[in-house]
file coords11.pdb (PDB, C-alpha atoms and all ligand atoms)
ATOM      1  CA  MET A  39      49.161  41.381  61.034
ATOM      2  CA  ALA A  40      47.778  44.885  61.241
ATOM      3  CA  TRP A  41      44.481  45.736  59.623
ATOM      4  CA  PRO A  42      43.514  49.342  58.882
ATOM      5  CA  LEU A  43      39.853  50.272  59.206
ATOM      6  CA  ASP A  44      38.661  53.578  57.668
ATOM      7  CA  GLY A  45      41.685  53.799  55.352
ATOM      8  CA  GLU A  46      43.748  56.174  57.442
ATOM      9  CA  HIS A  47      44.766  55.102  60.893
ATOM     10  CA  ASP A  48      46.740  56.403  63.823
ATOM     11  CA  ALA A  49      45.278  54.529  66.781
ATOM     12  CA  GLU A  50      44.912  50.927  67.815
ATOM     13  CA  LEU A  51      41.341  49.754  68.205
ATOM     14  CA  GLY A  52      42.144  46.326  69.593
ATOM     15  CA  ARG A  53      44.147  43.158  69.224
ATOM     16  CA  ILE A  54      44.041  39.422  69.661
ATOM     17  CA  CYS A  55      47.344  38.079  71.014
ATOM     18  CA  HIS A  56      48.679  34.559  70.676
ATOM     19  CA  GLY A  57      51.649  33.792  72.876
ATOM     20  CA  GLY A  58      53.663  36.257  74.900
ATOM     21  CA  ALA A  59      52.431  37.518  78.237
ATOM     22  CA  THR A  60      49.402  35.588  79.431
ATOM     23  CA  HIS A  61      46.275  37.584  80.034
ATOM     24  CA  ALA A  62      44.507  35.283  82.470
ATOM     25  CA  PRO A  63      41.638  34.633  82.713
ATOM     26  CA  LEU A  64      41.247  35.049  78.952
ATOM     27  CA  ALA A  65      40.871  31.725  77.141
ATOM     28  CA  SER A  66      43.444  31.573  74.400
ATOM     29  CA  PRO A  67      44.539  28.791  72.029
ATOM     30  CA  GLU A  68      48.188  27.879  72.602
ATOM     31  CA  PRO A  69      50.623  29.015  69.917
ATOM     32  CA  LEU A  70      52.484  26.224  68.085
ATOM     33  CA  TRP A  71      54.039  28.194  65.216
ATOM     34  CA  PRO A  72      55.587  30.709  64.862
ATOM     35  CA  LEU A  73      57.485  30.476  68.139
ATOM     36  CA  HIS A  74      57.371  34.214  68.765
ATOM     37  CA  PRO A  75      54.152  35.915  69.916
ATOM     38  CA  VAL A  76      51.793  37.057  67.179
ATOM     39  CA  ALA A  77      49.013  39.599  67.364
ATOM     40  CA  GLU A  78      46.157  40.456  65.076
ATOM     41  CA  ARG A  79      45.759  44.208  65.392
ATOM     42  CA  TRP A  80      42.955  46.498  64.266
ATOM     43  CA  GLN A  81      43.855  50.093  63.565
ATOM     44  CA  VAL A  82      41.623  53.100  63.046
ATOM     45  CA  ARG A  83      41.630  56.819  62.821
ATOM     46  CA  GLY A  84      41.540  58.170  66.378
ATOM     47  CA  PRO A  85      40.521  59.336  68.830
ATOM     48  CA  VAL A  86      39.573  56.044  70.402
ATOM     49  CA  HIS A  87      37.642  55.787  73.647
ATOM     50  CA  GLU A  88      37.398  52.812  75.990
ATOM     51  CA  GLY A  89      34.379  51.402  77.721
ATOM     52  CA  GLN A  90      33.066  48.564  79.779
ATOM     53  CA  GLN A  91      29.646  46.949  79.866
ATOM     54  CA  GLY A  92      29.084  43.945  82.100
ATOM     55  CA  CYS A  93      31.724  41.415  81.160
ATOM     56  CA  VAL A  94      32.790  43.278  77.990
ATOM     57  CA  ARG A  95      35.714  45.657  77.621
ATOM     58  CA  TYR A  96      35.942  47.503  74.357
ATOM     59  CA  ARG A  97      37.461  50.340  72.381
ATOM     60  CA  SER A  98      35.667  52.397  69.769
ATOM     61  CA  ASN A  99      36.225  55.381  67.518
ATOM     62  CA  GLY A 100      32.497  55.770  66.844
ATOM     63  CA  MET A 101      32.772  53.960  63.497
ATOM     64  CA  TRP A 102      34.250  50.665  64.664
ATOM     65  CA  VAL A 103      34.212  48.712  67.904
ATOM     66  CA  PHE A 104      36.571  45.950  68.939
ATOM     67  CA  GLY A 105      35.961  44.277  72.256
ATOM     68  CA  THR A 106      36.500  41.229  74.375
ATOM     69  CA  ALA A 107      33.991  39.568  76.668
ATOM     70  CA  CYS A 108      35.280  37.219  79.335
ATOM     71  CA  LEU A 109      33.180  35.407  81.912
ATOM     72  CA  ASP A 110      33.628  32.457  84.285
ATOM     73  CA  ASP A 111      30.707  30.204  83.377
ATOM     74  CA  ARG A 112      30.829  28.603  86.848
ATOM     75  CA  VAL A 113      29.643  31.807  88.530
ATOM     76  CA  VAL A 114      26.577  32.153  86.306
ATOM     77  CA  GLY A 115      25.497  28.518  86.432
ATOM     78  CA  GLY A 116      27.030  27.063  83.281
ATOM     79  CA  MET A 117      27.954  27.598  79.660
ATOM     80  CA  GLU A 118      24.475  28.356  78.319
ATOM     81  CA  ALA A 119      23.969  31.153  80.848
ATOM     82  CA  ALA A 120      27.500  32.421  80.242
ATOM     83  CA  ALA A 121      27.029  32.568  76.462
ATOM     84  CA  TRP A 122      23.755  34.434  76.953
ATOM     85  CA  ARG A 123      25.382  36.962  79.295
ATOM     86  CA  VAL A 124      28.393  37.495  77.057
ATOM     87  CA  TYR A 125      26.277  38.119  73.959
ATOM     88  CA  THR A 126      23.689  40.212  75.783
ATOM     89  CA  ASP A 127      26.427  42.497  77.136
ATOM     90  CA  LEU A 128      28.092  42.582  73.731
ATOM     91  CA  PHE A 129      24.881  43.634  71.972
ATOM     92  CA  ALA A 130      24.402  46.397  74.575
ATOM     93  CA  VAL A 131      27.854  47.737  73.662
ATOM     94  CA  LEU A 132      26.970  47.755  69.961
ATOM     95  CA  GLU A 133      23.764  49.684  70.663
ATOM     96  CA  ARG A 134      25.518  52.191  72.895
ATOM     97  CA  GLU A 135      28.272  52.845  70.359
ATOM     98  CA  GLY A 136      25.980  53.015  67.338
ATOM     99  CA  CYS A 137      27.920  50.216  65.643
ATOM    100  CA  PRO A 138      25.334  47.445  65.430
ATOM    101  CA  GLN A 139      26.844  45.474  62.549
ATOM    102  CA  LEU A 140      28.892  42.517  63.725
ATOM    103  CA  GLN A 141      31.555  41.556  61.220
ATOM    104  CA  ARG A 142      33.542  38.831  62.945
ATOM    105  CA  LEU A 143      33.494  36.882  66.220
ATOM    106  CA  TRP A 144      36.128  34.685  67.827
ATOM    107  CA  ASN A 145      34.631  32.341  70.466
ATOM    108  CA  TYR A 146      37.036  30.500  72.796
ATOM    109  CA  LEU A 147      35.464  27.971  75.170
ATOM    110  CA  PRO A 148      37.274  26.117  77.961
ATOM    111  CA  ASP A 149      36.414  22.410  78.177
ATOM    112  CA  ILE A 150      34.339  22.571  74.992
ATOM    113  CA  HIS A 151      33.500  18.833  75.036
ATOM    114  CA  GLY A 152      32.596  18.682  78.730
ATOM    115  CA  LEU A 153      29.010  17.821  79.634
ATOM    116  CA  GLU A 154      26.490  19.945  81.514
ATOM    117  CA  ASP A 155      23.283  18.115  82.382
ATOM    118  CA  GLY A 156      24.206  15.598  79.713
ATOM    119  CA  LEU A 157      24.652  18.213  76.966
ATOM    120  CA  GLU A 158      28.074  19.050  75.494
ATOM    121  CA  ARG A 159      29.231  22.505  76.533
ATOM    122  CA  TYR A 160      29.566  23.649  72.894
ATOM    123  CA  ARG A 161      25.885  22.783  72.417
ATOM    124  CA  CYS A 162      25.008  24.656  75.629
ATOM    125  CA  PHE A 163      26.932  27.619  74.213
ATOM    126  CA  ASN A 164      24.869  27.458  71.019
ATOM    127  CA  LEU A 165      21.663  27.624  73.082
ATOM    128  CA  GLY A 166      22.771  30.697  75.031
ATOM    129  CA  ARG A 167      24.184  32.463  71.981
ATOM    130  CA  ALA A 168      21.030  31.907  69.941
ATOM    131  CA  ARG A 169      18.792  33.107  72.782
ATOM    132  CA  ALA A 170      20.780  36.344  73.061
ATOM    133  CA  PHE A 171      20.643  36.894  69.277
ATOM    134  CA  ALA A 172      16.888  36.312  69.261
ATOM    135  CA  GLN A 173      16.224  38.608  72.234
ATOM    136  CA  ALA A 174      18.254  41.349  70.582
ATOM    137  CA  GLY A 175      16.075  40.976  67.459
ATOM    138  CA  ARG A 176      18.984  39.693  65.404
ATOM    139  CA  SER A 177      18.847  37.095  62.666
ATOM    140  CA  LEU A 178      19.827  33.581  63.746
ATOM    141  CA  GLY A 179      20.409  32.609  60.149
ATOM    142  CA  GLU A 180      20.986  34.649  57.034
ATOM    143  CA  GLY A 181      23.341  37.549  57.623
ATOM    144  CA  ALA A 182      24.928  36.088  60.758
ATOM    145  CA  PRO A 183      28.542  37.162  61.291
ATOM    146  CA  ALA A 184      31.625  35.126  60.444
ATOM    147  CA  ALA A 185      32.983  33.280  63.474
ATOM    148  CA  CYS A 186      35.040  30.515  64.928
ATOM    149  CA  ALA A 187      34.328  28.504  68.087
ATOM    150  CA  MET A 188      37.320  26.679  69.522
ATOM    151  CA  GLY A 189      38.037  24.784  72.716
ATOM    152  CA  THR A 190      40.879  25.825  75.025
ATOM    153  CA  ARG A 191      42.569  24.080  77.919
ATOM    154  CA  SER A 192      42.151  26.953  80.352
ATOM    155  CA  GLY A 193      40.639  30.375  80.900
ATOM    156  CA  TRP A 194      37.055  31.613  80.999
ATOM    157  CA  LEU A 195      34.634  31.835  78.097
ATOM    158  CA  THR A 196      36.198  34.521  75.892
ATOM    159  CA  VAL A 197      34.587  36.221  72.913
ATOM    160  CA  HIS A 198      36.400  38.804  70.783
ATOM    161  CA  PHE A 199      34.316  40.832  68.347
ATOM    162  CA  LEU A 200      34.641  43.423  65.609
ATOM    163  CA  ALA A 201      31.604  45.523  64.688
ATOM    164  CA  GLY A 202      30.929  48.583  62.599
ATOM    165  CA  ARG A 203      28.186  50.712  61.093
ATOM    166  CA  GLN A 204      27.754  48.979  57.740
ATOM    167  CA  PRO A 205      26.617  45.373  57.426
ATOM    168  CA  ALA A 206      29.076  42.861  56.042
ATOM    169  CA  ARG A 207      27.847  40.662  53.204
ATOM    170  CA  ALA A 208      27.342  37.119  54.475
ATOM    171  CA  ILE A 209      28.573  34.349  52.190
ATOM    172  CA  GLU A 210      27.723  30.639  52.372
ATOM    173  CA  ASN A 211      29.535  27.577  51.065
ATOM    174  CA  PRO A 212      27.530  25.585  48.494
ATOM    175  CA  ARG A 213      29.375  22.385  49.524
ATOM    176  CA  GLN A 214      28.054  22.721  53.074
ATOM    177  CA  VAL A 215      24.658  23.040  54.675
ATOM    178  CA  SER A 216      24.523  26.469  56.314
ATOM    179  CA  ALA A 217      25.509  25.985  59.945
ATOM    180  CA  TYR A 218      22.283  27.684  61.063
ATOM    181  CA  HIS A 219      20.417  24.893  59.243
ATOM    182  CA  TYR A 220      22.347  21.979  60.761
ATOM    183  CA  PRO A 221      19.927  19.199  61.762
ATOM    184  CA  ARG A 222      19.181  18.474  65.409
ATOM    185  CA  ARG A 223      21.602  15.574  65.693
ATOM    186  CA  TYR A 224      24.315  18.225  66.224
ATOM    187  CA  GLY A 225      22.462  19.678  69.188
ATOM    188  CA  PRO A 226      19.120  21.197  70.138
ATOM    189  CA  CYS A 227      20.106  24.547  68.643
ATOM    190  CA  SER A 228      22.121  25.269  65.494
ATOM    191  CA  PRO A 229      25.207  27.471  65.608
ATOM    192  CA  THR A 230      24.788  31.111  64.610
ATOM    193  CA  PHE A 231      27.415  32.035  62.008
ATOM    194  CA  SER A 232      27.927  32.455  58.280
ATOM    195  CA  ARG A 233      30.714  30.731  56.345
ATOM    196  CA  ALA A 234      32.268  34.082  55.492
ATOM    197  CA  ALA A 235      31.630  37.806  55.717
ATOM    198  CA  LEU A 236      32.793  40.404  53.199
ATOM    199  CA  ALA A 237      33.311  43.703  55.005
ATOM    200  CA  ASP A 238      33.963  47.122  53.509
ATOM    201  CA  LEU A 239      36.592  48.750  55.698
ATOM    202  CA  GLY A 240      36.604  52.034  53.794
ATOM    203  CA  GLY A 241      39.475  53.620  51.919
ATOM    204  CA  GLY A 242      39.125  51.093  49.071
ATOM    205  CA  LEU A 243      39.837  48.162  51.362
ATOM    206  CA  ARG A 244      37.543  45.193  51.717
ATOM    207  CA  VAL A 245      38.304  42.238  53.925
ATOM    208  CA  LEU A 246      36.920  38.758  53.606
ATOM    209  CA  PHE A 247      36.601  36.968  56.922
ATOM    210  CA  ILE A 248      36.406  33.211  56.362
ATOM    211  CA  SER A 249      34.908  31.484  59.392
ATOM    212  CA  GLY A 250      36.524  28.480  61.003
ATOM    213  CA  THR A 251      36.337  25.816  58.291
ATOM    214  CA  ALA A 252      36.636  22.092  58.821
ATOM    215  CA  SER A 253      36.237  18.746  57.088
ATOM    216  CA  ILE A 254      32.460  18.939  56.807
ATOM    217  CA  VAL A 255      30.560  18.202  53.590
ATOM    218  CA  GLY A 256      26.818  18.769  53.645
ATOM    219  CA  HIS A 257      26.458  18.654  57.413
ATOM    220  CA  GLU A 258      28.543  15.494  57.974
ATOM    221  CA  SER A 259      32.073  15.291  59.292
ATOM    222  CA  VAL A 260      34.096  13.411  56.669
ATOM    223  CA  HIS A 261      37.476  11.598  56.778
ATOM    224  CA  VAL A 262      37.210  10.906  60.485
ATOM    225  CA  ASP A 263      40.619   9.541  61.618
ATOM    226  CA  ASP A 264      42.400  10.728  58.466
ATOM    227  CA  LEU A 265      44.359  13.900  59.229
ATOM    228  CA  GLU A 266      45.633  14.525  55.701
ATOM    229  CA  ALA A 267      42.240  13.991  54.099
ATOM    230  CA  GLN A 268      40.566  16.273  56.670
ATOM    231  CA  THR A 269      43.069  19.007  55.872
ATOM    232  CA  ALA A 270      42.586  18.611  52.111
ATOM    233  CA  GLU A 271      38.778  18.664  52.492
ATOM    234  CA  THR A 272      39.037  21.817  54.611
ATOM    235  CA  LEU A 273      41.089  23.494  51.885
ATOM    236  CA  ARG A 274      38.497  22.471  49.275
ATOM    237  CA  ASN A 275      35.855  24.100  51.461
ATOM    238  CA  ILE A 276      37.899  27.293  51.653
ATOM    239  CA  ASP A 277      38.245  27.258  47.860
ATOM    240  CA  ALA A 278      34.466  26.878  47.606
ATOM    241  CA  VAL A 279      33.974  29.905  49.873
ATOM    242  CA  LEU A 280      36.401  31.881  47.705
ATOM    243  CA  GLU A 281      34.476  30.822  44.582
ATOM    244  CA  ALA A 282      31.199  31.883  46.212
ATOM    245  CA  THR A 283      32.789  35.216  47.111
ATOM    246  CA  ARG A 284      33.893  35.820  43.516
ATOM    247  CA  SER A 285      30.282  36.309  42.455
ATOM    248  CA  HIS A 286      30.218  39.438  44.667
ATOM    249  CA  LEU A 287      33.499  40.841  43.327
ATOM    250  CA  GLU A 288      34.737  42.352  40.088
ATOM    251  CA  ALA A 289      35.628  39.744  37.442
ATOM    252  CA  SER A 290      39.352  40.528  37.817
ATOM    253  CA  TRP A 291      39.373  38.672  41.160
ATOM    254  CA  THR A 292      40.339  35.173  40.054
ATOM    255  CA  LEU A 293      40.457  32.204  42.402
ATOM    256  CA  GLU A 294      44.252  32.390  42.186
ATOM    257  CA  ALA A 295      44.288  36.077  43.145
ATOM    258  CA  LEU A 296      42.111  35.345  46.175
ATOM    259  CA  ARG A 297      44.173  32.315  47.207
ATOM    260  CA  ARG A 298      47.349  34.427  47.112
ATOM    261  CA  ARG A 299      45.829  36.764  49.687
ATOM    262  CA  LEU A 300      44.765  34.131  52.199
ATOM    263  CA  GLU A 301      46.106  34.727  55.698
ATOM    264  CA  CYS A 302      45.340  31.567  57.622
ATOM    265  CA  THR A 303      45.092  30.573  61.231
ATOM    266  CA  VAL A 304      45.276  26.788  61.589
ATOM    267  CA  TYR A 305      43.862  25.191  64.732
ATOM    268  CA  LEU A 306      45.147  21.715  65.597
ATOM    269  CA  ARG A 307      43.715  19.398  68.218
ATOM    270  CA  ARG A 308      47.094  17.594  68.510
ATOM    271  CA  PRO A 309      50.302  19.655  68.407
ATOM    272  CA  ALA A 310      52.237  16.730  66.871
ATOM    273  CA  ASP A 311      50.128  17.035  63.682
ATOM    274  CA  LEU A 312      51.658  20.353  62.664
ATOM    275  CA  ASP A 313      54.180  19.097  60.090
ATOM    276  CA  ARG A 314      51.702  16.764  58.415
ATOM    277  CA  VAL A 315      49.044  19.463  58.147
ATOM    278  CA  ARG A 316      51.568  21.945  56.828
ATOM    279  CA  ALA A 317      52.642  19.450  54.151
ATOM    280  CA  VAL A 318      49.051  19.190  52.893
ATOM    281  CA  ILE A 319      48.678  22.980  52.818
ATOM    282  CA  ILE A 320      51.914  23.274  50.813
ATOM    283  CA  ALA A 321      50.731  20.610  48.375
ATOM    284  CA  HIS A 322      47.441  22.492  47.918
ATOM    285  CA  LEU A 323      48.621  26.107  47.761
ATOM    286  CA  GLY A 324      52.338  25.904  46.888
ATOM    287  CA  ALA A 325      55.294  26.530  49.186
ATOM    288  CA  GLN A 326      55.554  30.193  48.165
ATOM    289  CA  ALA A 327      51.964  31.106  49.012
ATOM    290  CA  PRO A 328      51.625  33.703  51.778
ATOM    291  CA  ALA A 329      49.098  31.398  53.401
ATOM    292  CA  VAL A 330      51.904  28.868  53.782
ATOM    293  CA  GLN A 331      54.663  31.293  54.724
ATOM    294  CA  ALA A 332      52.741  33.360  57.235
ATOM    295  CA  ALA A 333      50.204  30.944  58.703
ATOM    296  CA  THR A 334      49.720  30.880  62.445
ATOM    297  CA  TYR A 335      49.280  27.437  64.018
ATOM    298  CA  LEU A 336      47.459  27.194  67.335
ATOM    299  CA  ARG A 337      46.455  24.303  69.560
ATOM    300  CA  ALA A 338      42.722  24.156  70.153
ATOM    301  CA  ASP A 339      39.834  21.710  70.075
ATOM    302  CA  VAL A 340      37.562  21.771  67.044
ATOM    303  CA  CYS A 341      33.984  21.853  68.319
ATOM    304  CA  ARG A 342      33.166  18.451  66.782
ATOM    305  CA  ALA A 343      35.149  15.874  68.749
ATOM    306  CA  GLU A 344      35.908  13.787  65.657
ATOM    307  CA  LEU A 345      37.599  16.633  63.781
ATOM    308  CA  LEU A 346      41.342  17.255  64.101
ATOM    309  CA  VAL A 347      41.915  20.471  62.185
ATOM    310  CA  GLU A 348      40.122  23.734  61.430
ATOM    311  CA  ILE A 349      41.333  26.662  59.339
ATOM    312  CA  GLU A 350      40.101  30.258  59.368
ATOM    313  CA  ALA A 351      41.356  32.965  57.052
ATOM    314  CA  GLN A 352      41.302  36.663  56.315
ATOM    315  CA  LEU A 353      41.989  38.323  52.989
ATOM    316  CA  ALA A 354      42.615  41.980  52.336
ATOM    317  CA  LEU A 355      41.096  43.014  49.003
ATOM    318  CA  VAL A 356      42.484  46.347  47.878
ATOM    319  CA  GLY A 357      40.914  48.225  45.002
TER     320      GLY A 357
HETATM  321  C1  LIG B 401      31.556  23.905  61.431
HETATM  322  O1  LIG B 401      31.743  24.151  60.242
HETATM  323  C2  LIG B 401      32.751  23.897  62.342
HETATM  324  O2  LIG B 401      29.825  27.898  66.426
HETATM  325  O3  LIG B 401      30.554  29.866  65.829
HETATM  326  C3  LIG B 401      33.053  26.838  62.760
HETATM  327  C4  LIG B 401      32.917  28.235  62.837
HETATM  328  C5  LIG B 401      32.378  26.047  63.664
HETATM  329  C6  LIG B 401      32.104  28.808  63.821
HETATM  330  C7  LIG B 401      30.551  28.626  65.722
HETATM  331  C8  LIG B 401      31.571  26.630  64.645
HETATM  332  C9  LIG B 401      31.422  27.999  64.716
HETATM  333  O4  LIG B 401      30.430  23.650  61.887
HETATM  334  C10 LIG B 401      32.505  24.551  63.630
END

call {"tool": "encode", "arguments": {"input": "coords11.pdb", "output": "structure tokens", "more": "lines below"}}
Ligand code: 3EB
result
Amino acid sequence: MAWPLDGEHDAELGRICHGGATHAPLASPEPLWPLHPVAERWQVRGPVHEGQQGCVRYRSNGMWVFGTACLDDRVVGGMEAAAWRVYTDLFAVLEREGCPQLQRLWNYLPDIHGLEDGLERYRCFNLGRARAFAQAGRSLGEGAPAACAMGTRSGWLTVHFLAGRQPARAIENPRQVSAYHYPRRYGPCSPTFSRAALADLGGGLRVLFISGTASIVGHESVHVDDLEAQTAETLRNIDAVLEATRSHLEASWTLEALRRRLECTVYLRRPADLDRVRAVIIAHLGAQAPAVQAATYLRADVCRAELLVEIEAQLALVG
């Protein structure tokens, strides 16, 4: 998948690779399908310059920044400190490049369910992330970027990000409590992300980033131990996000038109579940849907231990 920013493009801004050469120590979900390496690439009008800030490496053309932060949490005293460092460095890059508007984040955490001082590492991550957002004067709630947060089997804490000059429109899912309002039983600090972000990439192209979406209704995990029902509930949540997005689009964008443009990444806790999850997606969207044909399946841990599957999606909206 190649995504043009700014309409015209002649330079690569950045990419997220799944499979192929390993880029240790980056944390990366393991590819399950397709069997060949896939990359999500962001293209812009050049020239592009490179930079580094703390644990972040990035490329920018002055309008857009794509970067990757990678940090061994053991050397900074744990996941909370690592998340704070990663996001603090990342925000410094956005300031320096004059591209303060985060559009999308991909958070990959090794050993996401491990405990640090009795607190799950994902919850430690939420503490550090929120502290960095607050210190940078950024909203912890409304207007937060789209994101995913997945557990990997190896690597260091890795955060990929895309930012630009114009804010994306944050979109919530009416079937779900906003993640930034999750009650305290999910940890001392709520996660900082919106259910989706609608970004204007210029040149008549908008892209909808749908955050990692799982079998959560209200704030509760539902269909625990039922893989097919979790997948179907996740797809209903994605439909609800698409419906919520329609109110910000021209009336010609029907639910069907949006569904046809879904490009999905499916994260599975257990590789053996692939065929069963795919069967539910086909039943929901139809075998011919691009989301079915072109989906990428990766092995990763959903941040709630009871959930087996999570789906994120991107849609290019032209015109
Ligand atoms: C959920 O809906 C599932 O912490 O950045 C999805 C997307 C999830 C992003 C994050 C977490 C995050 O709560 C988990």

call {"tool": "resolve_selection", "arguments": {"input": "coords11.pdb", "expression": "the PyMOL selection byres (((chain A and resi 296-306) around 7) and not hetatm)", "output": "list of chain:residue names"}}
result
A:Leu280, A:Trp291, A:Thr292, A:Leu293, A:Glu294, A:Ala295, A:Arg307, A:Arg308, A:Pro309, A:Ala327, A:Pro328, A:Ala329, A:Ala332, A:Ala333, A:Thr334, A:Tyr335, A:Leu336, A:Arg337, A:Ala338, A:Asp339, A:Leu346, A:Val347, A:Glu348, A:Ile349, A:Glu350, A:Ala351, A:Gln352, A:Leu353, A:Ala354

call {"tool": "residues_near_ligand", "arguments": {"input": "coords11.pdb", "ligand": "ligand LIG 401 (chain B)", "cutoff": "6 Å", "atoms": "all atoms listed in the file", "output": "tab-separated table (two decimals) with C-alpha atoms, in the frame of the given file"}}
result
chain	number	residue	atom	x	y	z
A	185	ALA	CA	32.98	33.28	63.47
A	186	CYS	CA	35.04	30.52	64.93
A	187	ALA	CA	34.33	28.50	68.09
A	217	ALA	CA	25.51	25.98	59.94
A	229	PRO	CA	25.21	27.47	65.61
A	231	PHE	CA	27.42	32.03	62.01
A	249	SER	CA	34.91	31.48	59.39
A	250	GLY	CA	36.52	28.48	61.00
A	251	THR	CA	36.34	25.82	58.29
A	252	ALA	CA	36.64	22.09	58.82
A	341	CYS	CA	33.98	21.85	68.32

call {"tool": "residues_around", "arguments": {"input": "coords11.pdb", "residues": "Asp263 (chain A)", "least_positions_apart": "2", "cutoff": "9 Å", "atoms": "only C-alpha atoms", "output": "list in words"}}
result
His261, Leu265, Ala267, Gln268, Glu344, Leu345 and Leu346 of chain A

call {"tool": "residues_around", "arguments": {"input": "coords11.pdb", "residues": "Glu78 (chain A)", "least_positions_apart": "2", "cutoff": "8 Å", "atoms": "all atoms listed in the file", "output": "VMD selection string"}}
result
chain A and resid 39 to 41 53 to 55 76 80

call {"tool": "resolve_selection", "arguments": {"input": "coords11.pdb", "expression": "the PyMOL selection byres (((chain A and resi 62) around 12) and not hetatm)", "output": "PyMOL selection string"}}
result
chain A and resi 58-61+63-66+108-110+192-196

call {"tool": "closest_residue", "arguments": {"input": "coords11.pdb", "among": "A:Leu51, A:Leu140, A:Ala121, A:Ala321", "to": "Arg169 (chain A)", "atoms": "all atoms listed in the file"}}
result
A:Ala121

call {"tool": "resolve_selection", "arguments": {"input": "coords11.pdb", "expression": "the PyMOL selection byres (((chain A and resi 211) around 10) and not hetatm)", "output": "short mmCIF file (atom, residue, chain, number, x, y, z; two decimals) with C-alpha atoms, in the frame of the given file"}}
result
data_model
loop_
_atom_site.label_atom_id
_atom_site.label_comp_id
_atom_site.auth_asym_id
_atom_site.auth_seq_id
_atom_site.Cartn_x
_atom_site.Cartn_y
_atom_site.Cartn_z
CA ILE A 209 28.57 34.35 52.19
CA GLU A 210 27.72 30.64 52.37
CA PRO A 212 27.53 25.58 48.49
CA ARG A 213 29.38 22.38 49.52
CA GLN A 214 28.05 22.72 53.07
CA VAL A 215 24.66 23.04 54.68
CA SER A 216 24.52 26.47 56.31
CA ALA A 217 25.51 25.98 59.94
CA SER A 232 27.93 32.46 58.28
CA ARG A 233 30.71 30.73 56.34
CA ALA A 234 32.27 34.08 55.49
CA VAL A 255 30.56 18.20 53.59
CA GLY A 256 26.82 18.77 53.64
CA ASN A 275 35.85 24.10 51.46
CA ILE A 276 37.90 27.29 51.65
CA ASP A 277 38.24 27.26 47.86
CA ALA A 278 34.47 26.88 47.61
CA VAL A 279 33.97 29.90 49.87
CA LEU A 280 36.40 31.88 47.70
CA GLU A 281 34.48 30.82 44.58
CA ALA A 282 31.20 31.88 46.21
CA THR A 283 32.79 35.22 47.11
#

call {"tool": "atom_distance", "arguments": {"input": "coords11.pdb", "atom1": "CA of Leu239 (chain A)", "atom2": "CA of Gln141 (chain A)"}}
result
10.4 Å

call {"tool": "atom_distance", "arguments": {"input": "coords11.pdb", "atom1": "CA of Val340 (chain A)", "atom2": "CA of Thr269 (chain A)"}}
result
12.8 Å

call {"tool": "closest_residue", "arguments": {"input": "coords11.pdb", "among": "A:Pro67, A:Pro72, A:Gly166, A:Pro226", "to": "Arg191 (chain A)", "atoms": "all atoms listed in the file"}}
result
A:Pro67

call {"tool": "closest_residue", "arguments": {"input": "coords11.pdb", "among": "A:Leu147, A:Leu70, A:Ala343, A:Leu287", "to": "Met117 (chain A)", "atoms": "only C-alpha atoms"}}
result
A:Leu147

call {"tool": "closest_residue", "arguments": {"input": "coords11.pdb", "among": "A:Gly57, A:Thr272, A:Ala208, A:Trp144", "to": "Ala77 (chain A)", "atoms": "only C-alpha atoms"}}
result
A:Gly57

call {"tool": "atom_distance", "arguments": {"input": "coords11.pdb", "atom1": "CA of Arg97 (chain A)", "atom2": "CA of Gly45 (chain A)"}}
result
17.9 Å

call {"tool": "axis_aligned_box", "arguments": {"input": "coords11.pdb", "around": "region 100-109 of chain A", "padding_each_side": "4 Å", "output": "lines of an AutoDock Vina configuration file"}}
result
center_x = 34.5
center_y = 45.6
center_z = 72.7
size_x = 12.1
size_y = 28.4
size_z = 26.4

call {"tool": "closest_residue", "arguments": {"input": "coords11.pdb", "among": "A:Gly105, A:Gly84, A:Gly136, A:Gly324", "to": "Arg203 (chain A)", "atoms": "only C-alpha atoms"}}
result
A:Gly136

call {"tool": "closest_residue", "arguments": {"input": "coords11.pdb", "among": "A:Cys227, A:Val82, A:Ala201, A:Leu153", "to": "Leu132 (chain A)", "atoms": "all atoms listed in the file"}}
result
A:Ala201

call {"tool": "residues_around", "arguments": {"input": "coords11.pdb", "residues": "Gly100 (chain A)", "least_positions_apart": "6", "cutoff": "8 Å", "atoms": "all atoms listed in the file", "output": "count of residues only"}}
result
4

call {"tool": "residues_around", "arguments": {"input": "coords11.pdb", "residues": "Ile150 (chain A)", "least_positions_apart": "4", "cutoff": "7 Å", "atoms": "only C-alpha atoms", "output": "list in words"}}
result
Arg159, Tyr160, Gly189 and Cys341 of chain A

call {"tool": "closest_atom_pairs", "arguments": {"input": "coords11.pdb", "of": "region 92-161 of chain A", "to": "region 172-178 of chain A", "cutoff": "12 Å", "atoms": "all atoms listed in the file", "output": "Markdown table"}}
result
| residue | atom | partner | partner_atom | distance |
| --- | --- | --- | --- | --- |
| A:Trp122 | CA | A:Gln173 | CA | 9.8 |
| A:Arg123 | CA | A:Gln173 | CA | 11.7 |
| A:Tyr125 | CA | A:Ala174 | CA | 9.3 |
| A:Thr126 | CA | A:Ala174 | CA | 7.6 |
| A:Asp127 | CA | A:Ala174 | CA | 10.5 |
| A:Leu128 | CA | A:Ala174 | CA | 10.4 |
| A:Phe129 | CA | A:Ala174 | CA | 7.1 |
| A:Ala130 | CA | A:Ala174 | CA | 8.9 |
| A:Val131 | CA | A:Ala174 | CA | 11.9 |
| A:Leu132 | CA | A:Ala174 | CA | 10.8 |
| A:Glu133 | CA | A:Ala174 | CA | 10.0 |
| A:Pro138 | CA | A:Arg176 | CA | 10.0 |
| A:Gln139 | CA | A:Arg176 | CA | 10.2 |
| A:Leu140 | CA | A:Arg176 | CA | 10.4 |
